[in-house]
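Data file: input-v8.cif. Format and content: mmCIF, N, CA and C atoms.
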data_coords
loop_
_atom_site.label_atom_id
_atom_site.label_comp_id
_atom_site.auth_asym_id
_atom_site.auth_seq_id
_atom_site.Cartn_x
_atom_site.Cartn_y
_atom_site.Cartn_z
N ASN A 201 49.74 32.47 -33.63
CA ASN A 201 49.96 31.11 -34.07
C ASN A 201 50.85 30.39 -33.08
N ALA A 202 50.93 29.09 -33.21
CA ALA A 202 51.65 28.25 -32.25
C ALA A 202 53.14 28.57 -32.20
N PHE A 203 53.73 28.82 -33.37
CA PHE A 203 55.16 29.12 -33.41
C PHE A 203 55.47 30.39 -32.60
N ASN A 204 54.66 31.43 -32.77
CA ASN A 204 54.88 32.68 -32.04
C ASN A 204 54.76 32.46 -30.53
N ASP A 205 53.79 31.64 -30.13
CA ASP A 205 53.63 31.36 -28.70
C ASP A 205 54.84 30.63 -28.13
N VAL A 206 55.34 29.65 -28.87
CA VAL A 206 56.51 28.90 -28.42
C VAL A 206 57.73 29.82 -28.35
N TRP A 207 57.90 30.66 -29.36
CA TRP A 207 59.04 31.58 -29.39
C TRP A 207 58.97 32.56 -28.22
N LYS A 208 57.77 33.06 -27.93
CA LYS A 208 57.60 33.98 -26.81
C LYS A 208 57.91 33.29 -25.48
N ASP A 209 57.45 32.05 -25.33
CA ASP A 209 57.75 31.28 -24.12
C ASP A 209 59.25 31.05 -23.99
N ARG A 210 59.91 30.72 -25.10
CA ARG A 210 61.35 30.52 -25.09
C ARG A 210 62.08 31.77 -24.63
N ASP A 211 61.68 32.91 -25.17
CA ASP A 211 62.29 34.18 -24.80
C ASP A 211 62.07 34.47 -23.31
N HIS A 212 60.88 34.20 -22.83
CA HIS A 212 60.55 34.41 -21.41
C HIS A 212 61.45 33.54 -20.52
N ILE A 213 61.60 32.28 -20.90
CA ILE A 213 62.44 31.36 -20.13
C ILE A 213 63.89 31.82 -20.13
N LEU A 214 64.39 32.24 -21.30
CA LEU A 214 65.77 32.72 -21.39
C LEU A 214 65.98 33.99 -20.56
N LEU A 215 65.00 34.89 -20.56
CA LEU A 215 65.10 36.11 -19.76
C LEU A 215 65.16 35.77 -18.27
N MET A 216 64.35 34.85 -17.83
CA MET A 216 64.36 34.45 -16.42
C MET A 216 65.71 33.81 -16.06
N GLN A 217 66.20 32.95 -16.92
CA GLN A 217 67.49 32.31 -16.66
C GLN A 217 68.62 33.34 -16.61
N LYS A 218 68.62 34.27 -17.55
CA LYS A 218 69.64 35.32 -17.58
C LYS A 218 69.58 36.15 -16.30
N THR A 219 68.38 36.46 -15.85
CA THR A 219 68.22 37.26 -14.63
C THR A 219 68.73 36.49 -13.42
N ARG A 220 68.38 35.22 -13.30
CA ARG A 220 68.88 34.40 -12.18
C ARG A 220 70.41 34.35 -12.19
N THR A 221 70.98 34.15 -13.38
CA THR A 221 72.43 34.08 -13.51
C THR A 221 73.08 35.39 -13.11
N ARG A 222 72.55 36.50 -13.60
CA ARG A 222 73.13 37.81 -13.29
C ARG A 222 73.02 38.14 -11.81
N LEU A 223 71.90 37.77 -11.18
CA LEU A 223 71.76 38.00 -9.74
C LEU A 223 72.83 37.21 -8.98
N ALA A 224 73.03 35.96 -9.34
CA ALA A 224 74.03 35.13 -8.67
C ALA A 224 75.43 35.68 -8.90
N GLN A 225 75.73 36.11 -10.12
CA GLN A 225 77.06 36.67 -10.42
C GLN A 225 77.31 37.94 -9.62
N ALA A 226 76.27 38.70 -9.36
CA ALA A 226 76.41 39.94 -8.59
C ALA A 226 76.44 39.67 -7.08
N GLY A 227 76.26 38.42 -6.68
CA GLY A 227 76.33 38.08 -5.26
C GLY A 227 75.02 38.12 -4.52
N TYR A 228 73.91 38.19 -5.24
CA TYR A 228 72.59 38.23 -4.60
C TYR A 228 71.96 36.84 -4.65
N SER A 229 71.20 36.54 -3.61
CA SER A 229 70.49 35.27 -3.56
C SER A 229 69.01 35.56 -3.37
N ALA A 230 68.20 34.52 -3.45
CA ALA A 230 66.76 34.67 -3.29
C ALA A 230 66.40 35.30 -1.94
N LYS A 231 67.18 34.98 -0.92
CA LYS A 231 66.84 35.52 0.40
C LYS A 231 67.09 37.03 0.51
N ASP A 232 67.86 37.61 -0.43
CA ASP A 232 68.10 39.05 -0.42
C ASP A 232 66.96 39.86 -1.04
N ILE A 233 66.12 39.21 -1.83
CA ILE A 233 65.11 39.92 -2.61
C ILE A 233 64.14 40.72 -1.75
N PRO A 234 63.55 40.17 -0.68
CA PRO A 234 62.62 40.99 0.12
C PRO A 234 63.27 42.27 0.67
N THR A 235 64.51 42.17 1.12
CA THR A 235 65.20 43.35 1.65
C THR A 235 65.47 44.36 0.54
N LEU A 236 65.89 43.87 -0.63
CA LEU A 236 66.13 44.77 -1.76
C LEU A 236 64.85 45.49 -2.17
N PHE A 237 63.75 44.75 -2.23
CA PHE A 237 62.48 45.39 -2.59
C PHE A 237 62.13 46.46 -1.57
N ASN A 238 62.35 46.18 -0.31
CA ASN A 238 62.07 47.16 0.74
C ASN A 238 62.95 48.40 0.58
N LEU A 239 64.21 48.22 0.25
CA LEU A 239 65.12 49.35 0.08
C LEU A 239 64.71 50.27 -1.07
N PHE A 240 64.17 49.71 -2.14
CA PHE A 240 63.85 50.50 -3.32
C PHE A 240 62.38 50.90 -3.41
N ASP A 241 61.58 50.52 -2.44
CA ASP A 241 60.16 50.87 -2.42
C ASP A 241 60.02 52.29 -1.85
N GLN A 242 60.18 53.28 -2.72
CA GLN A 242 60.19 54.68 -2.28
C GLN A 242 58.90 55.11 -1.60
N ASP A 243 57.77 54.70 -2.12
CA ASP A 243 56.49 55.16 -1.57
C ASP A 243 55.97 54.25 -0.46
N ARG A 244 56.74 53.23 -0.13
CA ARG A 244 56.43 52.32 0.98
C ARG A 244 55.05 51.68 0.86
N ASN A 245 54.64 51.32 -0.37
CA ASN A 245 53.35 50.67 -0.55
C ASN A 245 53.46 49.16 -0.62
N GLY A 246 54.68 48.62 -0.41
CA GLY A 246 54.88 47.19 -0.42
C GLY A 246 55.10 46.61 -1.81
N GLN A 247 55.13 47.47 -2.82
CA GLN A 247 55.33 47.03 -4.19
C GLN A 247 56.28 47.98 -4.90
N LEU A 248 56.92 47.47 -5.95
CA LEU A 248 57.74 48.32 -6.79
C LEU A 248 56.97 48.63 -8.07
N ASP A 249 56.89 49.91 -8.42
CA ASP A 249 56.35 50.26 -9.72
C ASP A 249 57.48 50.12 -10.73
N ILE A 250 57.21 50.37 -11.99
CA ILE A 250 58.21 50.15 -13.03
C ILE A 250 59.45 51.01 -12.80
N GLN A 251 59.27 52.24 -12.38
CA GLN A 251 60.43 53.12 -12.16
C GLN A 251 61.29 52.62 -11.01
N GLU A 252 60.67 52.22 -9.90
CA GLU A 252 61.42 51.69 -8.76
C GLU A 252 62.14 50.38 -9.15
N PHE A 253 61.47 49.55 -9.94
CA PHE A 253 62.05 48.29 -10.38
C PHE A 253 63.27 48.53 -11.28
N GLN A 254 63.13 49.46 -12.24
CA GLN A 254 64.26 49.80 -13.11
C GLN A 254 65.42 50.35 -12.29
N TRP A 255 65.12 51.19 -11.33
CA TRP A 255 66.12 51.79 -10.47
C TRP A 255 66.86 50.71 -9.68
N MET A 256 66.10 49.75 -9.14
CA MET A 256 66.71 48.68 -8.37
C MET A 256 67.66 47.85 -9.24
N LEU A 257 67.19 47.42 -10.41
CA LEU A 257 68.03 46.57 -11.25
C LEU A 257 69.25 47.32 -11.78
N LYS A 258 69.09 48.59 -12.09
CA LYS A 258 70.23 49.38 -12.54
C LYS A 258 71.25 49.54 -11.40
N GLY A 259 70.76 49.81 -10.21
CA GLY A 259 71.63 49.95 -9.06
C GLY A 259 72.37 48.66 -8.72
N MET A 260 71.75 47.53 -9.02
CA MET A 260 72.37 46.23 -8.77
C MET A 260 73.36 45.86 -9.86
N GLN A 261 73.44 46.64 -10.91
CA GLN A 261 74.37 46.43 -12.03
C GLN A 261 74.25 45.03 -12.63
N LEU A 262 73.04 44.67 -13.01
CA LEU A 262 72.82 43.35 -13.58
C LEU A 262 73.08 43.33 -15.08
N GLY A 263 73.23 44.48 -15.69
CA GLY A 263 73.56 44.54 -17.11
C GLY A 263 72.40 44.22 -18.03
N LEU A 264 71.17 44.37 -17.54
CA LEU A 264 70.01 44.16 -18.39
C LEU A 264 69.63 45.49 -19.03
N GLY A 265 69.38 45.47 -20.32
CA GLY A 265 68.98 46.68 -21.03
C GLY A 265 67.59 47.13 -20.61
N ARG A 266 67.28 48.37 -20.90
CA ARG A 266 66.00 48.95 -20.50
C ARG A 266 64.82 48.13 -21.02
N ASP A 267 64.86 47.72 -22.29
CA ASP A 267 63.75 46.94 -22.85
C ASP A 267 63.59 45.60 -22.14
N ARG A 268 64.71 44.96 -21.82
CA ARG A 268 64.65 43.67 -21.12
C ARG A 268 64.12 43.85 -19.70
N VAL A 269 64.47 44.95 -19.05
CA VAL A 269 63.96 45.22 -17.70
C VAL A 269 62.44 45.40 -17.75
N VAL A 270 61.95 46.11 -18.76
CA VAL A 270 60.51 46.30 -18.91
C VAL A 270 59.83 44.95 -19.17
N GLU A 271 60.41 44.12 -20.03
CA GLU A 271 59.87 42.78 -20.29
C GLU A 271 59.83 41.95 -19.01
N LEU A 272 60.91 42.05 -18.23
CA LEU A 272 60.98 41.31 -16.97
C LEU A 272 59.89 41.79 -16.01
N TYR A 273 59.74 43.10 -15.90
CA TYR A 273 58.72 43.67 -15.03
C TYR A 273 57.33 43.18 -15.44
N GLU A 274 57.06 43.22 -16.74
CA GLU A 274 55.75 42.80 -17.23
C GLU A 274 55.51 41.31 -16.99
N ALA A 275 56.57 40.52 -16.98
CA ALA A 275 56.42 39.09 -16.68
C ALA A 275 55.96 38.87 -15.24
N PHE A 276 56.43 39.73 -14.34
CA PHE A 276 56.02 39.62 -12.94
C PHE A 276 54.67 40.28 -12.68
N ASP A 277 54.39 41.34 -13.41
CA ASP A 277 53.12 42.08 -13.24
C ASP A 277 52.10 41.59 -14.26
N ASP A 278 51.88 40.28 -14.27
CA ASP A 278 51.01 39.71 -15.30
C ASP A 278 49.55 40.15 -15.16
N ASP A 279 49.15 40.62 -13.98
CA ASP A 279 47.79 41.12 -13.81
C ASP A 279 47.67 42.60 -14.16
N ARG A 280 48.80 43.21 -14.54
CA ARG A 280 48.86 44.63 -14.96
C ARG A 280 48.36 45.58 -13.87
N SER A 281 48.68 45.23 -12.63
CA SER A 281 48.25 46.06 -11.50
C SER A 281 49.11 47.31 -11.34
N GLY A 282 50.27 47.32 -12.00
CA GLY A 282 51.16 48.47 -11.88
C GLY A 282 52.17 48.34 -10.76
N GLY A 283 52.22 47.17 -10.14
CA GLY A 283 53.19 46.96 -9.07
C GLY A 283 53.48 45.49 -8.90
N ILE A 284 54.71 45.20 -8.46
CA ILE A 284 55.07 43.83 -8.11
C ILE A 284 55.68 43.84 -6.73
N ASP A 285 55.45 42.78 -6.00
CA ASP A 285 56.06 42.69 -4.67
C ASP A 285 57.12 41.60 -4.68
N ALA A 286 57.86 41.52 -3.60
CA ALA A 286 58.96 40.57 -3.51
C ALA A 286 58.47 39.14 -3.65
N ASP A 287 57.28 38.84 -3.12
CA ASP A 287 56.75 37.48 -3.22
C ASP A 287 56.50 37.09 -4.67
N GLU A 288 55.91 38.00 -5.47
CA GLU A 288 55.68 37.71 -6.89
C GLU A 288 57.01 37.45 -7.60
N PHE A 289 57.99 38.29 -7.30
CA PHE A 289 59.31 38.17 -7.91
C PHE A 289 59.93 36.83 -7.56
N LEU A 290 59.94 36.50 -6.27
CA LEU A 290 60.53 35.24 -5.82
C LEU A 290 59.80 34.03 -6.37
N LYS A 291 58.49 34.06 -6.31
CA LYS A 291 57.71 32.90 -6.74
C LYS A 291 57.89 32.62 -8.23
N THR A 292 58.08 33.67 -9.03
CA THR A 292 58.25 33.49 -10.46
C THR A 292 59.70 33.16 -10.81
N LEU A 293 60.64 33.87 -10.23
CA LEU A 293 62.05 33.72 -10.60
C LEU A 293 62.74 32.58 -9.85
N PHE A 294 62.38 32.40 -8.59
CA PHE A 294 63.00 31.37 -7.74
C PHE A 294 61.93 30.54 -7.05
N PRO A 295 61.11 29.80 -7.79
CA PRO A 295 59.99 29.08 -7.13
C PRO A 295 60.46 28.11 -6.06
N HIS A 296 61.55 27.40 -6.30
CA HIS A 296 62.04 26.45 -5.30
C HIS A 296 62.46 27.18 -4.02
N HIS A 297 63.19 28.28 -4.18
CA HIS A 297 63.64 29.05 -3.02
C HIS A 297 62.47 29.72 -2.30
N PHE A 298 61.45 30.12 -3.05
CA PHE A 298 60.27 30.72 -2.42
C PHE A 298 59.69 29.77 -1.39
N TYR A 299 59.52 28.51 -1.78
CA TYR A 299 58.94 27.54 -0.85
C TYR A 299 59.91 27.14 0.25
N GLU A 300 61.21 27.21 -0.03
CA GLU A 300 62.19 26.97 1.04
C GLU A 300 62.13 28.08 2.08
N LEU A 301 61.99 29.31 1.61
CA LEU A 301 61.96 30.46 2.52
C LEU A 301 60.65 30.54 3.30
N TYR A 302 59.55 30.29 2.61
CA TYR A 302 58.24 30.52 3.21
C TYR A 302 57.48 29.26 3.55
N GLY A 303 57.86 28.12 3.03
CA GLY A 303 57.10 26.90 3.24
C GLY A 303 55.81 26.95 2.44
N ASP A 304 54.93 26.02 2.69
CA ASP A 304 53.67 25.98 1.96
C ASP A 304 52.80 27.19 2.30
N ALA A 305 52.73 27.52 3.57
CA ALA A 305 51.99 28.70 3.99
C ALA A 305 53.02 29.77 4.32
N LYS A 306 52.89 30.92 3.69
CA LYS A 306 53.88 31.98 3.88
C LYS A 306 53.96 32.36 5.35
N GLN A 307 55.19 32.41 5.84
CA GLN A 307 55.45 32.83 7.21
C GLN A 307 56.26 34.10 7.17
N GLU A 308 56.40 34.74 8.28
CA GLU A 308 57.21 35.96 8.35
C GLU A 308 58.63 35.64 7.92
N HIS A 309 59.17 36.43 7.02
CA HIS A 309 60.50 36.19 6.46
C HIS A 309 61.54 36.97 7.24
N VAL A 310 62.63 36.30 7.58
CA VAL A 310 63.74 36.94 8.27
C VAL A 310 64.93 36.92 7.33
N THR A 311 65.55 38.08 7.12
CA THR A 311 66.70 38.15 6.21
C THR A 311 67.98 38.33 7.00
N ASP A 312 69.06 38.04 6.36
CA ASP A 312 70.38 38.26 6.92
C ASP A 312 70.80 39.68 6.53
N ASP A 313 70.34 40.67 7.29
CA ASP A 313 70.57 42.07 6.95
C ASP A 313 72.05 42.43 6.93
N ASP A 314 72.87 41.78 7.76
CA ASP A 314 74.30 42.07 7.76
C ASP A 314 74.92 41.73 6.41
N SER A 315 74.54 40.58 5.86
CA SER A 315 75.06 40.17 4.56
C SER A 315 74.65 41.17 3.48
N LEU A 316 73.39 41.57 3.49
CA LEU A 316 72.90 42.52 2.50
C LEU A 316 73.53 43.89 2.71
N GLU A 317 73.74 44.27 3.95
CA GLU A 317 74.39 45.56 4.24
C GLU A 317 75.80 45.59 3.67
N LEU A 318 76.52 44.49 3.79
CA LEU A 318 77.86 44.42 3.20
C LEU A 318 77.81 44.56 1.68
N LYS A 319 76.84 43.90 1.06
CA LYS A 319 76.68 44.00 -0.39
C LYS A 319 76.32 45.43 -0.78
N ALA A 320 75.47 46.07 0.01
CA ALA A 320 75.07 47.45 -0.29
C ALA A 320 76.26 48.40 -0.17
N ARG A 321 77.09 48.18 0.83
CA ARG A 321 78.29 49.02 0.96
C ARG A 321 79.25 48.82 -0.22
N ARG A 322 79.42 47.56 -0.63
CA ARG A 322 80.28 47.28 -1.78
C ARG A 322 79.72 47.95 -3.04
N LEU A 323 78.43 47.86 -3.21
CA LEU A 323 77.77 48.50 -4.35
C LEU A 323 77.96 50.00 -4.30
N SER A 324 77.82 50.57 -3.13
CA SER A 324 78.00 52.01 -2.95
C SER A 324 79.40 52.45 -3.34
N ARG A 325 80.40 51.70 -2.92
CA ARG A 325 81.78 52.07 -3.23
C ARG A 325 82.10 51.94 -4.71
N THR A 326 81.57 50.91 -5.36
CA THR A 326 81.95 50.66 -6.74
C THR A 326 81.25 51.56 -7.75
N ILE A 327 80.00 51.94 -7.48
CA ILE A 327 79.28 52.75 -8.48
C ILE A 327 78.74 54.06 -7.93
N GLY A 328 79.05 54.37 -6.70
CA GLY A 328 78.52 55.60 -6.13
C GLY A 328 77.02 55.51 -5.88
N PHE A 329 76.51 54.30 -5.65
CA PHE A 329 75.10 54.08 -5.40
C PHE A 329 74.67 54.79 -4.12
N LYS A 330 73.51 55.41 -4.18
CA LYS A 330 72.94 56.04 -3.00
C LYS A 330 71.58 55.42 -2.73
N PRO A 331 71.22 55.18 -1.47
CA PRO A 331 69.94 54.56 -1.16
C PRO A 331 68.78 55.51 -1.46
N PRO A 332 67.57 54.96 -1.64
CA PRO A 332 66.40 55.80 -1.87
C PRO A 332 66.11 56.67 -0.66
N PRO A 333 65.28 57.72 -0.82
CA PRO A 333 65.02 58.66 0.27
C PRO A 333 64.64 58.03 1.60
N ALA A 334 63.82 56.99 1.58
CA ALA A 334 63.39 56.38 2.84
C ALA A 334 64.57 55.80 3.60
N VAL A 335 65.54 55.28 2.89
CA VAL A 335 66.73 54.73 3.52
C VAL A 335 67.75 55.83 3.77
N ALA A 336 67.78 56.81 2.89
CA ALA A 336 68.75 57.90 3.00
C ALA A 336 68.62 58.64 4.32
N ALA A 337 67.42 58.75 4.84
CA ALA A 337 67.22 59.45 6.11
C ALA A 337 68.05 58.81 7.22
N GLU A 338 68.27 57.50 7.10
CA GLU A 338 69.06 56.80 8.10
C GLU A 338 70.56 56.99 7.89
N HIS A 339 70.97 57.46 6.70
CA HIS A 339 72.39 57.51 6.36
C HIS A 339 72.91 58.89 5.99
N THR A 340 72.10 59.92 6.05
CA THR A 340 72.46 61.30 5.74
C THR A 340 72.89 61.52 4.30
N THR A 341 72.51 60.63 3.39
CA THR A 341 72.81 60.80 1.97
C THR A 341 71.51 61.10 1.26
N SER A 342 71.51 62.04 0.33
CA SER A 342 70.31 62.29 -0.44
C SER A 342 70.42 61.57 -1.77
N VAL A 343 69.27 61.30 -2.37
CA VAL A 343 69.24 60.57 -3.64
C VAL A 343 68.06 61.02 -4.46
N SER A 344 68.20 60.86 -5.74
CA SER A 344 67.12 61.15 -6.66
C SER A 344 67.08 60.04 -7.68
N SER A 345 65.89 59.76 -8.20
CA SER A 345 65.82 58.74 -9.24
C SER A 345 66.59 59.18 -10.47
N ASP A 346 66.91 60.49 -10.57
CA ASP A 346 67.74 60.98 -11.67
C ASP A 346 69.15 60.40 -11.58
N ASP A 347 69.58 59.97 -10.38
CA ASP A 347 70.90 59.36 -10.21
C ASP A 347 71.04 58.11 -11.07
N PHE A 348 69.89 57.48 -11.40
CA PHE A 348 69.92 56.27 -12.19
C PHE A 348 69.27 56.43 -13.53
N ALA A 349 69.01 57.64 -13.97
CA ALA A 349 68.40 57.86 -15.27
C ALA A 349 69.38 57.46 -16.37
N ASP A 350 68.82 56.84 -17.41
CA ASP A 350 69.67 56.45 -18.54
C ASP A 350 70.14 57.69 -19.28
N SER A 351 71.37 57.64 -19.77
CA SER A 351 71.94 58.76 -20.51
C SER A 351 71.42 58.76 -21.92
#
Using structure tokens, write down the structure that the file contains.
Amino acid sequence: NAFNDVWKDRDHILLMQKTRTRLAQAGYSAKDIPTLFNLFDQDRNGQLDIQEFQWMLKGMQLGLGRDRVVELYEAFDDDRSGGIDADEFLKTLFPHHFYELYGDAKQEHVTDDDSLELKARRLSRTIGFKPPPAVAAEHTTSVSSDDFADS
């Protein structure tokens, strides 16, 4: 019915707003998203599956509960392909920034890796975060998705 549709849309809008707010409070911006997706893409397929997505958000300490993370993931994976990429995330969550970063026709994206590296180091110090295996090879730290499993 119409009321349920409106309520669902309201909840979706509030979830997106909460996510944008939490990202900003944690010091992340839209331009960090492609690099973050790359860091947490364990199988290097260019997309995050639900487990990689949950791991990324938990590692970023955004304070979203497991159910809300799943709802957020499903909002981005509206075609139910089982994966979302940074472009889908940006276009849905930060549409204005998506077009600022890429213009009308998507161009190669360049990130400020130094800024993100500083954030990653801060994250590492505060919560004992370890990078995924693909990144760990560069840093001599090992990691398992069990490091972020819910208790």
Answer as a compact mmCIF listing (two decimals) with N, CA and C atoms, keeping the file's coordinate frame, residues within 9 Å of (59.0, 50.3, -9.8) using only C-alpha atoms:
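Produced file out-v9.txt, reproduced below:
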# COMPACT_ATOMS: atom_id res chain seq x y z
N PHE A 240 64.17 49.71 -2.14
CA PHE A 240 63.85 50.50 -3.32
C PHE A 240 62.38 50.90 -3.41
N ASP A 241 61.58 50.52 -2.44
CA ASP A 241 60.16 50.87 -2.42
C ASP A 241 60.02 52.29 -1.85
N GLN A 242 60.18 53.28 -2.72
CA GLN A 242 60.19 54.68 -2.28
C GLN A 242 58.90 55.11 -1.60
N GLN A 247 55.13 47.47 -2.82
CA GLN A 247 55.33 47.03 -4.19
C GLN A 247 56.28 47.98 -4.90
N LEU A 248 56.92 47.47 -5.95
CA LEU A 248 57.74 48.32 -6.79
C LEU A 248 56.97 48.63 -8.07
N ASP A 249 56.89 49.91 -8.42
CA ASP A 249 56.35 50.26 -9.72
C ASP A 249 57.48 50.12 -10.73
N ILE A 250 57.21 50.37 -11.99
CA ILE A 250 58.21 50.15 -13.03
C ILE A 250 59.45 51.01 -12.80
N GLN A 251 59.27 52.24 -12.38
CA GLN A 251 60.43 53.12 -12.16
C GLN A 251 61.29 52.62 -11.01
N GLU A 252 60.67 52.22 -9.90
CA GLU A 252 61.42 51.69 -8.76
C GLU A 252 62.14 50.38 -9.15
N PHE A 253 61.47 49.55 -9.94
CA PHE A 253 62.05 48.29 -10.38
C PHE A 253 63.27 48.53 -11.28
N GLN A 254 63.13 49.46 -12.24
CA GLN A 254 64.26 49.80 -13.11
C GLN A 254 65.42 50.35 -12.29
N TRP A 255 65.12 51.19 -11.33
CA TRP A 255 66.12 51.79 -10.47
C TRP A 255 66.86 50.71 -9.68
N MET A 256 66.10 49.75 -9.14
CA MET A 256 66.71 48.68 -8.37
C MET A 256 67.66 47.85 -9.24
N TYR A 273 59.74 43.10 -15.90
CA TYR A 273 58.72 43.67 -15.03
C TYR A 273 57.33 43.18 -15.44
N GLY A 282 50.27 47.32 -12.00
CA GLY A 282 51.16 48.47 -11.88
C GLY A 282 52.17 48.34 -10.76
N GLY A 283 52.22 47.17 -10.14
CA GLY A 283 53.19 46.96 -9.07
C GLY A 283 53.48 45.49 -8.90
N ILE A 284 54.71 45.20 -8.46
CA ILE A 284 55.07 43.83 -8.11
C ILE A 284 55.68 43.84 -6.73
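For the set A:Arg222, A:Arg210, A:Leu290, A:Ile233, the residue with the smallest atom-to-atom gap to A:Gln261 is A:Arg222, counting all atoms listed in the file.
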From a DSSP pass on the backbone, collect the residues of stretch 213-263 of chain A flagged as alpha helix (DSSP H) and hand them back as a ChimeraX atom specification.
/A:213-225,233-240,250-259
One decimal, in Å: what's the spacing between atom C of A:Arg244 and atom N of A:Leu262?
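Spanning atom C of A:Arg244 to atom N of A:Leu262 is a straight-line distance of 23.8 Å.
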Please report the interatomic distance between atom N of A:Phe294 and atom CA of A:Arg220 in Å with one decimal.
7.7 Å
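We find atom CA of A:Phe289 and atom CA of A:Ala202 to be spaced 27.4 Å apart.
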Pick from A:Gly259, A:Gly227, A:Gly246, A:Gly265 nearest to A:Ala286, counting all atoms listed in the file
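Under the stated criterion, the closest residue is A:Gly246.
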